[in-house]
2 protein chains.
Amino acid sequence: MNDVLVSTPGGDYPIHIEAGRLTRIDESVPPNASALVIVTNPTVNRLFGDAVRAALAKTGKPVTTLELPDGEQYKDWQTLNLIFDHMLGLQLDRRAVIVALGGGVIGDMAGFAAAVYMRGIRFIQVPTTLLAQVDSSVGGKTAVNHPLGKNMIGAFYQPIAVEIDTTVLNTLPDREISAGLAEVVKYGLIMDAAFFTWCQTHAEGLRARDPDLLATAIRRSCEFKAKVVSADERESGLRAILNLGHTFGHAIEAGLGYGQWLHGEAVGCGLLLAAALSERTLGLPAEDVQRVESVVKAIGCPTRAPKLLGVDQWMSLMRSDKKAEAGEIKFVLMPEVGQATVGAADSKDVAAVLNEYAV
Amino acid sequence: MNDVLVSTPGGDYPIHIEAGRLTRIDESVPPNASALVIVTNPTVNRLFGDAVRAALAKTGKPVTTLELPDGEQYKDWQTLNLIFDHMLGLQLDRRAVIVALGGGVIGDMAGFAAAVYMRGIRFIQVPTTLLAQVDSSVGGKTAVNHPLGKNMIGAFYQPIAVEIDTTVLNTLPDREISAGLAEVVKYGLIMDAAFFTWCQTHAEGLRARDPDLLATAIRRSCEFKAKVVSADERESGLRAILNLGHTFGHAIEAGLGYGQWLHGEAVGCGLLLAAALSERTLGLPAEDVQRVESVVKAIGCPTRAPKLLGVDQWMSLMRSDKKAEAGEIKFVLMPEVGQATVGAADSKDVAAVLNEYAV
């Protein structure tokens with residue numbers, strides 16, 4: 001057992017990390033649950049739906065499954081509403097529990113549905129992508145996209161448990177492994193230089209899905225995330241450092257259209273741009289920027305960003321980021337590897353970084 | 001000054017109650033607000049928009065006004081989305097503050113928009129109906145309706161202040177005064193027999209809008225509500241007693257179609273049905289049921305409910321109430337005037353009450 005505990009003002013919850021955990025998730029169902037609703041997508045349902053239903057059946061409670069269409073482009077209100085239609089159609093009450101079985105899109109939507117169904121019911125995160133296991137399933141950020149911005153409509157709403165089965169990663173496409181590793185590397189860059197070095201040392205093995213290396217990466221990532229979320233659930237301060245690479249990354253996703261690059265791929269590339277901006281702004285040594293580039297490349301993420309419509313479009317996209325304040329773009333920057341700070345940057349420096357990396 | 005303080009786990013906030021308060025609501029705007037968005041409807045905007053804008057202009061912050069269509073039938077996701085479109089179109093950030101200027105529909109929608117815009121921003125309630133002043137603006141219940149049920153999608157999300165100007169009631173239609181008084185009477189029935197007697201004594205004066213009587217009724221109602229909400233923000237126990245009359249009332253609204261009866265009218269009638277059910281279930285004295293009927297009538301609310309499609313439809317509508325658990329309808333009942341409890345009722349007793357009052 002490699003449990004990690006997340007503490008928040010609303011209460012604590014466990015992250016269970018085990019090979020084969022899917023078959024034991026009934027252990028996390030509260031005794032007074034009135035019904036269980038598995039929210040998933042067709043691909044994940046085909047792979048893991050039966051195992052999860054078999055586990056949940058052990059509770060003796062009614063279990064239904066709702067498939068949502070797969071992909072970031074469906075992470076919108078219309079798709080979210082399918083969850084409400086399903087649950088209200090079954091007249092499910094406030095003691096119903098949602099089981100979010102899938103990657104980040106499913107977790108964000110099912111979690112947001114739980115946050116607002118009858119003003120809030122309980123939910124369990126069962127992340128089936130590496131990215132969701134190391135990042136999005138932990139910490140209670142839930143949301144859907146709006147035509148004018150990603151994750152603009154949502155809530156901070158914590159699950160009652162996160163259930164991570166490391167064996168589900170065997171079926172994941174290579175791109176998704178790379179995308180998830182970008183968030184793993186991020187924790188090293190913002191919080192722990194030694195862990196970044198560990199990622200650098202083991203990049204090839206992680207990308208090749210060595211089970212022991214992945215298990216370690218997941219557990220350490222959950223510990224880092226739990227520590228940050230416990231200190232600052234609502235992103236009023238510390239939590240913002242988790243967005244290293246995300247200001248650039250969101251611009252890539254929005255500029256190309258959601259779904260072209262995986263979120264983690266955009267973040268991986270964004271880590272490099274953030275490092276380059278940190279060199280110009282905070283004097284991060286050039287050799288550290290090179291290290292970041294070599295690790296981003298080694299885990300299989302892009303090291304060059306799309307040009308889009310040029311610097312002006314980039315700036316406009318970044319200005320609509322949720323972290324912007326009064327039109328000023330906020331960046332997470334590294335004074336050195338293993339440390340992060342949030343601040344503004346000179347637009348000349350940003351433009352220089354874009355001219356070098358967004359080609 | 002007649003301030004009332006509401007305490008919740010997330011922090012305290014004041015209810016300011018004064019004649020002329022609209023002209024001083026700038027006092028409640030936080031210094032670090034980046035922009036102010038007045039969410040209102042055309043009728044309220046025409047009556048009070050200029051006064052509110054003049055007050056908010058004193059802060060020196062940018063102020064915009066968004067009119068939503070008026071009426072319960074527009075309390076849906078499509079209308080809610082107009083708020084997001086407006087704010088995202090202006091690229092407003094997380095420090096923007098929403099000012100909900102209107103009755104319960106505006107307060108519920110603007111509050112829910114604040115709860116989920118960028119995962120939560122601050123908002124101020126400026127209730128302009130009696131019902132909103134004594135009930136819906138206090139306590140943080142926000143929501144929109146779903147085709148399958150009223151207030152099914154929402155959040156518990158507290159305002160940073162509630163601004164009650166008692167002079168705005170002068171322009172209110174008579175029906176709205178009666179509807180608001182139903183919630184005032186409710187507090188007496190569930191919490192304070194002496195206050196119920198006070199309502200009975202002053203029913204005519206309240207209905208005739210005696211300013212001193214209304215000011216007292218508002219302040220006492222806010223005190224009652226603040227007490228309950230402070231003890232149980234998320235309706236896990238005590239708060240449910242605030243729903244006296246609401247199980248019947250919601251069925252009336254849903255059965256007739258939202259907007260036919262005002263919410264408060266349905267609740268007023270529901271108080272009588274709940275009293276009648278309390279007589280059969282808990283032995284509430286018959287003379288108390290008669291007192292409730294006479295007060296409901298005196299404040300101008302209906303004392304007979306619509307028949308709808310008969311008892312079966314009534315039962316089905318009440319079973320889809322959010323308070324229902326595992327298909328069992330929960331009623332708030334009175335063992336005696338001034339006390340309330342939540343429980344189930346024998347369906348024969350419910351049918352008998354409906355046969356008597358829903359005609």
# chains A, B, ... in the order shown; residues from 1 in each chain; ligands from 1
call {"tool": "residues_around", "arguments": {"residues": "range 191-196 of chain A", "least_positions_apart": "2", "cutoff": "6 Å", "atoms": "only C-alpha atoms", "output": "number ranges by chain"}}
result
A: 187-189, 198-199, 337-339
call {"tool": "residues_around", "arguments": {"residues": "Pro211 in chain B", "least_positions_apart": "2", "cutoff": "10 Å", "atoms": "only C-alpha atoms", "output": "PyMOL selection string"}}
result
chain B and resi 19+166-167+169-170+205-206+208-209+213-217
call {"tool": "write_last_selection", "arguments": {"atoms": "N, CA and C atoms", "output": "PDB file, in the first residue's frame"}}
result
ATOM      1  N   ALA B  19     -33.022  51.860   5.380  1.00  0.00           N
ATOM      2  CA  ALA B  19     -33.694  52.653   4.351  1.00  0.00           C
ATOM      3  C   ALA B  19     -32.634  53.463   3.612  1.00  0.00           C
ATOM      4  N   THR B 166     -34.792  48.920   2.559  1.00  0.00           N
ATOM      5  CA  THR B 166     -36.216  48.676   2.798  1.00  0.00           C
ATOM      6  C   THR B 166     -37.117  49.571   1.948  1.00  0.00           C
ATOM      7  N   THR B 167     -36.564  50.656   1.411  1.00  0.00           N
ATOM      8  CA  THR B 167     -37.417  51.553   0.613  1.00  0.00           C
ATOM      9  C   THR B 167     -37.752  50.973  -0.760  1.00  0.00           C
ATOM     10  N   LEU B 169     -39.127  48.337  -1.386  1.00  0.00           N
ATOM     11  CA  LEU B 169     -40.376  47.577  -1.334  1.00  0.00           C
ATOM     12  C   LEU B 169     -41.578  48.420  -1.742  1.00  0.00           C
ATOM     13  N   ASN B 170     -41.403  49.748  -1.752  1.00  0.00           N
ATOM     14  CA  ASN B 170     -42.522  50.622  -2.105  1.00  0.00           C
ATOM     15  C   ASN B 170     -43.046  50.366  -3.509  1.00  0.00           C
ATOM     16  N   GLY B 205     -51.257  45.012   8.759  1.00  0.00           N
ATOM     17  CA  GLY B 205     -50.287  46.113   8.680  1.00  0.00           C
ATOM     18  C   GLY B 205     -49.102  45.757   7.807  1.00  0.00           C
ATOM     19  N   LEU B 206     -48.643  44.513   7.914  1.00  0.00           N
ATOM     20  CA  LEU B 206     -47.525  44.070   7.075  1.00  0.00           C
ATOM     21  C   LEU B 206     -47.924  44.105   5.607  1.00  0.00           C
ATOM     22  N   ALA B 208     -50.117  45.889   4.305  1.00  0.00           N
ATOM     23  CA  ALA B 208     -50.284  47.290   3.889  1.00  0.00           C
ATOM     24  C   ALA B 208     -48.947  48.040   3.855  1.00  0.00           C
ATOM     25  N   ARG B 209     -47.854  47.330   4.070  1.00  0.00           N
ATOM     26  CA  ARG B 209     -46.489  47.875   3.958  1.00  0.00           C
ATOM     27  C   ARG B 209     -46.154  48.935   4.994  1.00  0.00           C
ATOM     28  N   LEU B 213     -43.209  48.006  10.621  1.00  0.00           N
ATOM     29  CA  LEU B 213     -43.510  46.574  10.728  1.00  0.00           C
ATOM     30  C   LEU B 213     -42.660  45.764   9.751  1.00  0.00           C
ATOM     31  N   LEU B 214     -42.549  46.245   8.513  1.00  0.00           N
ATOM     32  CA  LEU B 214     -41.754  45.516   7.524  1.00  0.00           C
ATOM     33  C   LEU B 214     -40.274  45.467   7.930  1.00  0.00           C
ATOM     34  N   ALA B 215     -39.766  46.581   8.450  1.00  0.00           N
ATOM     35  CA  ALA B 215     -38.356  46.606   8.864  1.00  0.00           C
ATOM     36  C   ALA B 215     -38.115  45.576   9.967  1.00  0.00           C
ATOM     37  N   THR B 216     -39.058  45.509  10.909  1.00  0.00           N
ATOM     38  CA  THR B 216     -38.926  44.520  11.984  1.00  0.00           C
ATOM     39  C   THR B 216     -39.001  43.101  11.434  1.00  0.00           C
ATOM     40  N   ALA B 217     -39.950  42.875  10.545  1.00  0.00           N
ATOM     41  CA  ALA B 217     -40.121  41.537   9.963  1.00  0.00           C
ATOM     42  C   ALA B 217     -38.863  41.108   9.215  1.00  0.00           C
TER      43      ALA B 217
END
call {"tool": "atom_distance", "arguments": {"atom1": "CA of Phe156 in chain B", "atom2": "CA of Pro69 in chain B"}}
result
23.8 Å
call {"tool": "residues_around", "arguments": {"residues": "Thr247 in chain B", "least_positions_apart": "5", "cutoff": "7 Å", "atoms": "only C-alpha atoms", "output": "list in words"}}
result
Met318, Asp321 and Phe331 of chain B
call {"tool": "write_last_selection", "arguments": {"atoms": "N, CA and C atoms", "output": "short mmCIF file (atom, residue, chain, number, x, y, z; two decimals), in the first residue's frame"}}
result
data_model
loop_
_atom_site.label_atom_id
_atom_site.label_comp_id
_atom_site.auth_asym_id
_atom_site.auth_seq_id
_atom_site.Cartn_x
_atom_site.Cartn_y
_atom_site.Cartn_z
N MET B 318 -43.53 15.41 -5.74
CA MET B 318 -42.86 15.56 -4.45
C MET B 318 -41.71 14.58 -4.30
N ASP B 321 -38.36 15.91 -5.32
CA ASP B 321 -37.81 16.98 -4.50
C ASP B 321 -36.40 16.58 -4.06
N PHE B 331 -40.90 15.43 4.65
CA PHE B 331 -41.70 16.61 4.96
C PHE B 331 -41.15 17.31 6.20
#
call {"tool": "interface_residues", "arguments": {"of": "chain A", "to": "chain B", "cutoff": "8 Å", "atoms": "only C-alpha atoms", "output": "mmCIF file with C-alpha atoms, in the first residue's frame"}}
result
data_model
loop_
_atom_site.group_PDB
_atom_site.id
_atom_site.type_symbol
_atom_site.label_atom_id
_atom_site.label_comp_id
_atom_site.auth_asym_id
_atom_site.auth_seq_id
_atom_site.Cartn_x
_atom_site.Cartn_y
_atom_site.Cartn_z
ATOM 1 C CA SER A 34 -27.906 5.420 -2.298
ATOM 2 C CA ASP A 85 -30.209 14.189 -17.483
ATOM 3 C CA LEU A 88 -32.431 13.233 -12.704
ATOM 4 C CA GLY A 89 -34.051 10.749 -15.071
ATOM 5 C CA GLN A 91 -34.468 10.390 -9.698
ATOM 6 C CA LEU A 92 -31.142 9.903 -7.927
ATOM 7 C CA ASP A 93 -30.932 11.728 -4.620
ATOM 8 C CA ARG A 94 -28.219 13.602 -2.755
ATOM 9 C CA ARG A 95 -26.697 10.385 -1.448
ATOM 10 C CA ALA A 115 -20.069 19.760 -7.300
ATOM 11 C CA VAL A 116 -23.345 21.175 -8.606
ATOM 12 C CA TYR A 117 -25.838 18.260 -8.724
ATOM 13 C CA MET A 118 -28.380 19.198 -6.076
ATOM 14 C CA ARG A 119 -25.729 21.654 -4.807
ATOM 15 C CA GLY A 120 -23.123 18.966 -4.260
ATOM 16 C CA THR A 142 -13.180 20.606 -11.672
ATOM 17 C CA ALA A 143 -14.449 22.472 -14.719
ATOM 18 C CA LEU A 148 -14.040 31.885 -24.746
ATOM 19 C CA GLY A 149 -11.670 29.879 -22.567
ATOM 20 C CA ASN A 151 -11.776 25.534 -17.686
ATOM 21 C CA MET A 152 -13.519 28.883 -17.263
ATOM 22 C CA ILE A 153 -16.598 27.396 -15.578
ATOM 23 C CA GLY A 154 -15.934 25.127 -12.638
ATOM 24 C CA ALA A 155 -15.463 24.649 -8.920
ATOM 25 C CA PHE A 156 -12.943 23.669 -6.312
ATOM 26 C CA SER A 320 -7.339 35.427 -21.172
ATOM 27 C CA LYS A 322 -7.500 32.660 -15.462
ATOM 28 C CA LYS A 323 -4.338 33.666 -13.629
ATOM 29 C CA ALA A 324 -4.133 37.012 -15.421
ATOM 30 C CA GLU A 325 -4.930 40.003 -13.216
ATOM 31 C CA ALA A 326 -6.108 43.313 -14.651
ATOM 32 C CA GLY A 327 -4.861 42.268 -18.073
#
call {"tool": "select_by_dssp", "arguments": {"residues": "range 11-130 of chain A", "states": "strand (DSSP E)", "output": "CSV table (one decimal) with all heavy atoms, in the first residue's frame"}}
result
chain,number,residue,atom,x,y,z
A,11,GLY,N,-12.1,18.7,4.8
A,11,GLY,CA,-11.9,17.3,5.3
A,11,GLY,C,-10.7,16.6,4.5
A,11,GLY,O,-10.2,17.2,3.5
A,12,ASP,N,-10.3,15.5,5.0
A,12,ASP,CA,-9.2,14.7,4.4
A,12,ASP,C,-9.7,13.6,3.5
A,12,ASP,O,-10.8,13.2,3.6
A,12,ASP,CB,-8.3,14.1,5.5
A,12,ASP,CG,-7.7,15.1,6.4
A,12,ASP,OD1,-7.8,16.3,6.1
A,12,ASP,OD2,-7.3,14.6,7.5
A,13,TYR,N,-8.9,13.3,2.5
A,13,TYR,CA,-9.3,12.1,1.7
A,13,TYR,C,-8.0,11.4,1.2
A,13,TYR,O,-7.0,12.0,1.1
A,13,TYR,CB,-10.2,12.5,0.5
A,13,TYR,CG,-9.6,13.4,-0.5
A,13,TYR,CD1,-8.9,12.9,-1.6
A,13,TYR,CD2,-9.7,14.8,-0.4
A,13,TYR,CE1,-8.4,13.8,-2.6
A,13,TYR,CE2,-9.2,15.6,-1.3
A,13,TYR,CZ,-8.5,15.1,-2.4
A,13,TYR,OH,-8.0,16.0,-3.3
A,14,PRO,N,-8.2,10.1,1.0
A,14,PRO,CA,-7.0,9.2,0.7
A,14,PRO,C,-6.8,9.1,-0.8
A,14,PRO,O,-7.8,9.1,-1.6
A,14,PRO,CB,-7.4,7.9,1.3
A,14,PRO,CG,-8.8,7.8,1.1
A,14,PRO,CD,-9.4,9.2,1.3
A,15,ILE,N,-5.6,9.0,-1.3
A,15,ILE,CA,-5.2,8.5,-2.6
A,15,ILE,C,-4.7,7.1,-2.4
A,15,ILE,O,-3.7,6.9,-1.8
A,15,ILE,CB,-4.2,9.4,-3.3
A,15,ILE,CG1,-4.6,10.9,-3.2
A,15,ILE,CG2,-3.9,9.0,-4.7
A,15,ILE,CD1,-3.4,11.8,-3.6
A,16,HIS,N,-5.4,6.1,-3.0
A,16,HIS,CA,-4.9,4.7,-2.9
A,16,HIS,C,-4.2,4.4,-4.2
A,16,HIS,O,-4.7,4.6,-5.3
A,16,HIS,CB,-6.1,3.8,-2.8
A,16,HIS,CG,-6.9,4.0,-1.5
A,16,HIS,ND1,-8.2,4.4,-1.5
A,16,HIS,CD2,-6.5,3.9,-0.2
A,16,HIS,CE1,-8.7,4.5,-0.3
A,16,HIS,NE2,-7.7,4.2,0.6
A,17,ILE,N,-2.9,4.0,-4.1
A,17,ILE,CA,-2.1,3.6,-5.2
A,17,ILE,C,-1.7,2.2,-5.2
A,17,ILE,O,-0.9,1.8,-4.3
A,17,ILE,CB,-0.9,4.5,-5.3
A,17,ILE,CG1,-1.2,6.0,-5.2
A,17,ILE,CG2,-0.1,4.3,-6.6
A,17,ILE,CD1,-0.1,7.0,-5.0
A,18,GLU,N,-2.2,1.4,-6.0
A,18,GLU,CA,-1.9,-0.1,-6.0
A,18,GLU,C,-2.1,-0.7,-7.4
A,18,GLU,O,-3.0,-0.3,-8.1
A,18,GLU,CB,-2.9,-0.9,-5.2
A,18,GLU,CG,-3.0,-0.6,-3.8
A,18,GLU,CD,-4.1,-1.6,-3.2
A,18,GLU,OE1,-4.0,-2.8,-3.5
A,18,GLU,OE2,-5.1,-1.1,-2.6
A,35,ALA,N,-26.8,5.2,-4.5
A,35,ALA,CA,-26.6,4.6,-5.8
A,35,ALA,C,-25.3,5.1,-6.3
A,35,ALA,O,-24.7,6.0,-5.8
A,35,ALA,CB,-27.7,5.2,-6.8
A,36,LEU,N,-24.7,4.3,-7.3
A,36,LEU,CA,-23.4,4.6,-7.8
A,36,LEU,C,-23.6,4.9,-9.3
A,36,LEU,O,-24.2,4.1,-10.0
A,36,LEU,CB,-22.5,3.5,-7.6
A,36,LEU,CG,-22.3,3.2,-6.1
A,36,LEU,CD1,-21.6,1.8,-5.9
A,36,LEU,CD2,-21.4,4.3,-5.4
A,37,VAL,N,-23.0,6.0,-9.8
A,37,VAL,CA,-23.1,6.3,-11.2
A,37,VAL,C,-21.6,6.4,-11.8
A,37,VAL,O,-20.9,7.2,-11.4
A,37,VAL,CB,-23.8,7.7,-11.4
A,37,VAL,CG1,-23.8,8.0,-12.9
A,37,VAL,CG2,-25.2,7.6,-10.8
A,38,ILE,N,-21.3,5.4,-12.6
A,38,ILE,CA,-20.0,5.4,-13.3
A,38,ILE,C,-20.1,6.4,-14.5
A,38,ILE,O,-20.9,6.1,-15.4
A,38,ILE,CB,-19.6,4.0,-13.7
A,38,ILE,CG1,-19.6,3.1,-12.6
A,38,ILE,CG2,-18.2,4.1,-14.5
A,38,ILE,CD1,-19.4,1.6,-13.0
A,39,VAL,N,-19.3,7.4,-14.5
A,39,VAL,CA,-19.2,8.3,-15.6
A,39,VAL,C,-17.9,8.1,-16.3
A,39,VAL,O,-16.8,8.1,-15.7
A,39,VAL,CB,-19.3,9.8,-15.2
A,39,VAL,CG1,-19.1,10.7,-16.4
A,39,VAL,CG2,-20.6,10.1,-14.5
A,40,THR,N,-18.0,7.7,-17.6
A,40,THR,CA,-16.8,7.3,-18.3
A,40,THR,C,-16.9,7.6,-19.8
A,40,THR,O,-17.8,8.4,-20.2
A,40,THR,CB,-16.6,5.8,-18.1
A,40,THR,OG1,-15.3,5.4,-18.6
A,40,THR,CG2,-17.7,4.9,-18.6
A,63,VAL,N,-26.0,0.3,-9.5
A,63,VAL,CA,-24.9,0.8,-10.3
A,63,VAL,C,-25.4,1.1,-11.7
A,63,VAL,O,-25.9,0.2,-12.3
A,63,VAL,CB,-23.7,-0.1,-10.3
A,63,VAL,CG1,-22.6,0.5,-11.1
A,63,VAL,CG2,-23.2,-0.5,-8.9
A,64,THR,N,-25.2,2.3,-12.2
A,64,THR,CA,-25.5,2.6,-13.6
A,64,THR,C,-24.2,3.2,-14.2
A,64,THR,O,-23.3,3.7,-13.5
A,64,THR,CB,-26.6,3.6,-13.8
A,64,THR,OG1,-26.3,4.8,-13.1
A,64,THR,CG2,-27.9,3.0,-13.3
A,65,THR,N,-24.1,3.1,-15.5
A,65,THR,CA,-22.9,3.6,-16.3
A,65,THR,C,-23.4,4.6,-17.3
A,65,THR,O,-24.4,4.3,-18.0
A,65,THR,CB,-22.2,2.4,-17.0
A,65,THR,OG1,-21.8,1.5,-16.0
A,65,THR,CG2,-20.9,3.0,-17.7
A,66,LEU,N,-22.7,5.7,-17.4
A,66,LEU,CA,-23.0,6.7,-18.4
A,66,LEU,C,-21.8,7.0,-19.2
A,66,LEU,O,-20.7,7.4,-18.6
A,66,LEU,CB,-23.5,8.0,-17.7
A,66,LEU,CG,-23.7,9.2,-18.7
A,66,LEU,CD1,-24.9,8.9,-19.6
A,66,LEU,CD2,-23.9,10.5,-17.9
A,67,GLU,N,-21.9,6.8,-20.5
A,67,GLU,CA,-20.7,7.0,-21.4
A,67,GLU,C,-20.9,8.5,-22.0
A,67,GLU,O,-21.9,8.8,-22.5
A,67,GLU,CB,-20.7,6.1,-22.6
A,67,GLU,CG,-20.2,4.7,-22.2
A,67,GLU,CD,-20.1,3.8,-23.5
A,67,GLU,OE1,-20.4,4.3,-24.6
A,67,GLU,OE2,-19.6,2.7,-23.4
A,96,ALA,N,-26.5,9.8,-3.8
A,96,ALA,CA,-25.8,9.2,-4.9
A,96,ALA,C,-24.4,9.6,-5.0
A,96,ALA,O,-24.0,10.7,-4.6
A,96,ALA,CB,-26.5,9.5,-6.2
A,97,VAL,N,-23.5,8.6,-5.4
A,97,VAL,CA,-22.1,8.9,-5.5
A,97,VAL,C,-21.7,8.7,-7.0
A,97,VAL,O,-22.0,7.7,-7.6
A,97,VAL,CB,-21.3,7.9,-4.6
A,97,VAL,CG1,-19.8,8.1,-4.8
A,97,VAL,CG2,-21.7,8.2,-3.2
A,98,ILE,N,-20.9,9.7,-7.5
A,98,ILE,CA,-20.4,9.6,-8.9
A,98,ILE,C,-19.0,9.0,-8.9
A,98,ILE,O,-18.2,9.3,-8.0
A,98,ILE,CB,-20.4,11.0,-9.6
A,98,ILE,CG1,-21.8,11.5,-9.8
A,98,ILE,CG2,-19.6,10.9,-10.9
A,98,ILE,CD1,-21.9,12.9,-10.4
A,99,VAL,N,-18.8,8.0,-9.8
A,99,VAL,CA,-17.5,7.4,-9.9
A,99,VAL,C,-16.9,7.9,-11.3
A,99,VAL,O,-17.4,7.5,-12.3
A,99,VAL,CB,-17.6,5.9,-9.9
A,99,VAL,CG1,-16.2,5.2,-10.1
A,99,VAL,CG2,-18.1,5.4,-8.5
A,100,ALA,N,-15.9,8.7,-11.2
A,100,ALA,CA,-15.3,9.3,-12.4
A,100,ALA,C,-14.2,8.3,-12.9
A,100,ALA,O,-13.2,8.3,-12.4
A,100,ALA,CB,-14.7,10.7,-12.2
A,101,LEU,N,-14.5,7.6,-14.0
A,101,LEU,CA,-13.6,6.6,-14.5
A,101,LEU,C,-13.1,7.0,-15.9
A,101,LEU,O,-13.8,6.9,-16.9
A,101,LEU,CB,-14.4,5.2,-14.7
A,101,LEU,CG,-13.6,4.1,-15.3
A,101,LEU,CD1,-12.4,3.6,-14.4
A,101,LEU,CD2,-14.5,2.9,-15.6
A,102,GLY,N,-11.9,7.6,-15.9
A,102,GLY,CA,-11.3,8.0,-17.1
A,102,GLY,C,-10.1,9.0,-16.9
A,102,GLY,O,-9.6,9.0,-15.8
A,122,ARG,N,-21.3,13.4,-3.4
A,122,ARG,CA,-19.9,12.9,-3.3
A,122,ARG,C,-19.4,12.2,-4.6
A,122,ARG,O,-20.3,11.7,-5.3
A,122,ARG,CB,-19.9,11.8,-2.1
A,122,ARG,CG,-20.1,12.5,-0.8
A,122,ARG,CD,-20.4,11.4,0.3
A,122,ARG,NE,-21.7,10.8,0.0
A,122,ARG,CZ,-22.3,9.9,0.8
A,122,ARG,NH1,-21.7,9.6,2.0
A,122,ARG,NH2,-23.5,9.4,0.5
A,123,PHE,N,-18.1,12.2,-4.8
A,123,PHE,CA,-17.6,11.5,-6.0
A,123,PHE,C,-16.2,10.9,-5.7
A,123,PHE,O,-15.5,11.4,-4.8
A,123,PHE,CB,-17.6,12.4,-7.2
A,123,PHE,CG,-16.4,13.4,-7.3
A,123,PHE,CD1,-15.5,13.2,-8.4
A,123,PHE,CD2,-16.3,14.5,-6.5
A,123,PHE,CE1,-14.4,14.1,-8.5
A,123,PHE,CE2,-15.2,15.4,-6.6
A,123,PHE,CZ,-14.3,15.2,-7.6
A,124,ILE,N,-15.9,9.9,-6.5
A,124,ILE,CA,-14.7,9.2,-6.4
A,124,ILE,C,-13.9,9.3,-7.7
A,124,ILE,O,-14.5,9.1,-8.8
A,124,ILE,CB,-14.9,7.7,-6.0
A,124,ILE,CG1,-15.6,7.6,-4.7
A,124,ILE,CG2,-13.6,6.9,-6.1
A,124,ILE,CD1,-16.1,6.1,-4.4
A,125,GLN,N,-12.7,9.7,-7.6
A,125,GLN,CA,-11.9,9.8,-8.9
A,125,GLN,C,-11.2,8.4,-9.1
A,125,GLN,O,-10.5,7.9,-8.2
A,125,GLN,CB,-10.8,10.8,-8.7
A,125,GLN,CG,-11.3,12.3,-8.7
A,125,GLN,CD,-11.4,12.8,-10.1
A,125,GLN,OE1,-11.5,12.1,-11.1
A,125,GLN,NE2,-11.4,14.2,-10.2
A,126,VAL,N,-11.3,7.9,-10.3
A,126,VAL,CA,-10.6,6.7,-10.7
A,126,VAL,C,-9.9,7.0,-12.0
A,126,VAL,O,-10.3,6.7,-13.1
A,126,VAL,CB,-11.6,5.5,-11.0
A,126,VAL,CG1,-10.8,4.2,-11.2
A,126,VAL,CG2,-12.5,5.3,-9.8
A,127,PRO,N,-8.7,7.7,-11.9
A,127,PRO,CA,-8.0,8.2,-13.1
A,127,PRO,C,-7.3,7.0,-13.9
A,127,PRO,O,-6.7,6.2,-13.3
A,127,PRO,CB,-6.9,9.1,-12.5
A,127,PRO,CG,-6.7,8.6,-11.1
A,127,PRO,CD,-8.0,8.0,-10.7
call {"tool": "residues_around", "arguments": {"residues": "Glu265 in chain A", "least_positions_apart": "4", "cutoff": "8 Å", "atoms": "only C-alpha atoms", "output": "PyMOL selection string"}}
result
chain A and resi 178-179+182+261+269+301-302
call {"tool": "residues_around", "arguments": {"residues": "Lys307 in chain B", "least_positions_apart": "6", "cutoff": "10 Å", "atoms": "only C-alpha atoms", "output": "list in words"}}
result
Ile252, Gly255, Leu256, Gln313, Trp314, Leu354, Asn355, Tyr357, Ala358 and Val359 of chain B
call {"tool": "atom_distance", "arguments": {"atom1": "CA of Leu317 in chain B", "atom2": "CA of Arg175 in chain B"}}
result
24.8 Å
call {"tool": "residues_around", "arguments": {"residues": "Gly71 in chain A", "least_positions_apart": "3", "cutoff": "9 Å", "atoms": "only C-alpha atoms", "output": "MDAnalysis selection string"}}
result
chainID A and resid 41 74:75 105:106 258:259
call {"tool": "closest_residue", "arguments": {"among": "B:Val229, B:Leu131, B:Val296, B:Ala276", "to": "Leu262 in chain B", "atoms": "only C-alpha atoms"}}
result
B:Leu131
call {"tool": "residues_around", "arguments": {"residues": "Val350 in chain B", "least_positions_apart": "4", "cutoff": "9 Å", "atoms": "only C-alpha atoms", "output": "ChimeraX atom specification"}}
result
/B:277,280,311,315,345-346,354-355
call {"tool": "select_by_dssp", "arguments": {"residues": "range 14-213 of chain A", "states": "alpha helix (DSSP H)", "output": "ChimeraX atom specification"}}
result
/A:42-44,50-57,77-89,104-116,130-131,174-191,193-207,211-213
call {"tool": "closest_residue", "arguments": {"among": "A:Glu336, A:Glu356, A:Glu204, A:Glu223", "to": "Ala298 in chain A", "atoms": "only C-alpha atoms"}}
result
A:Glu204
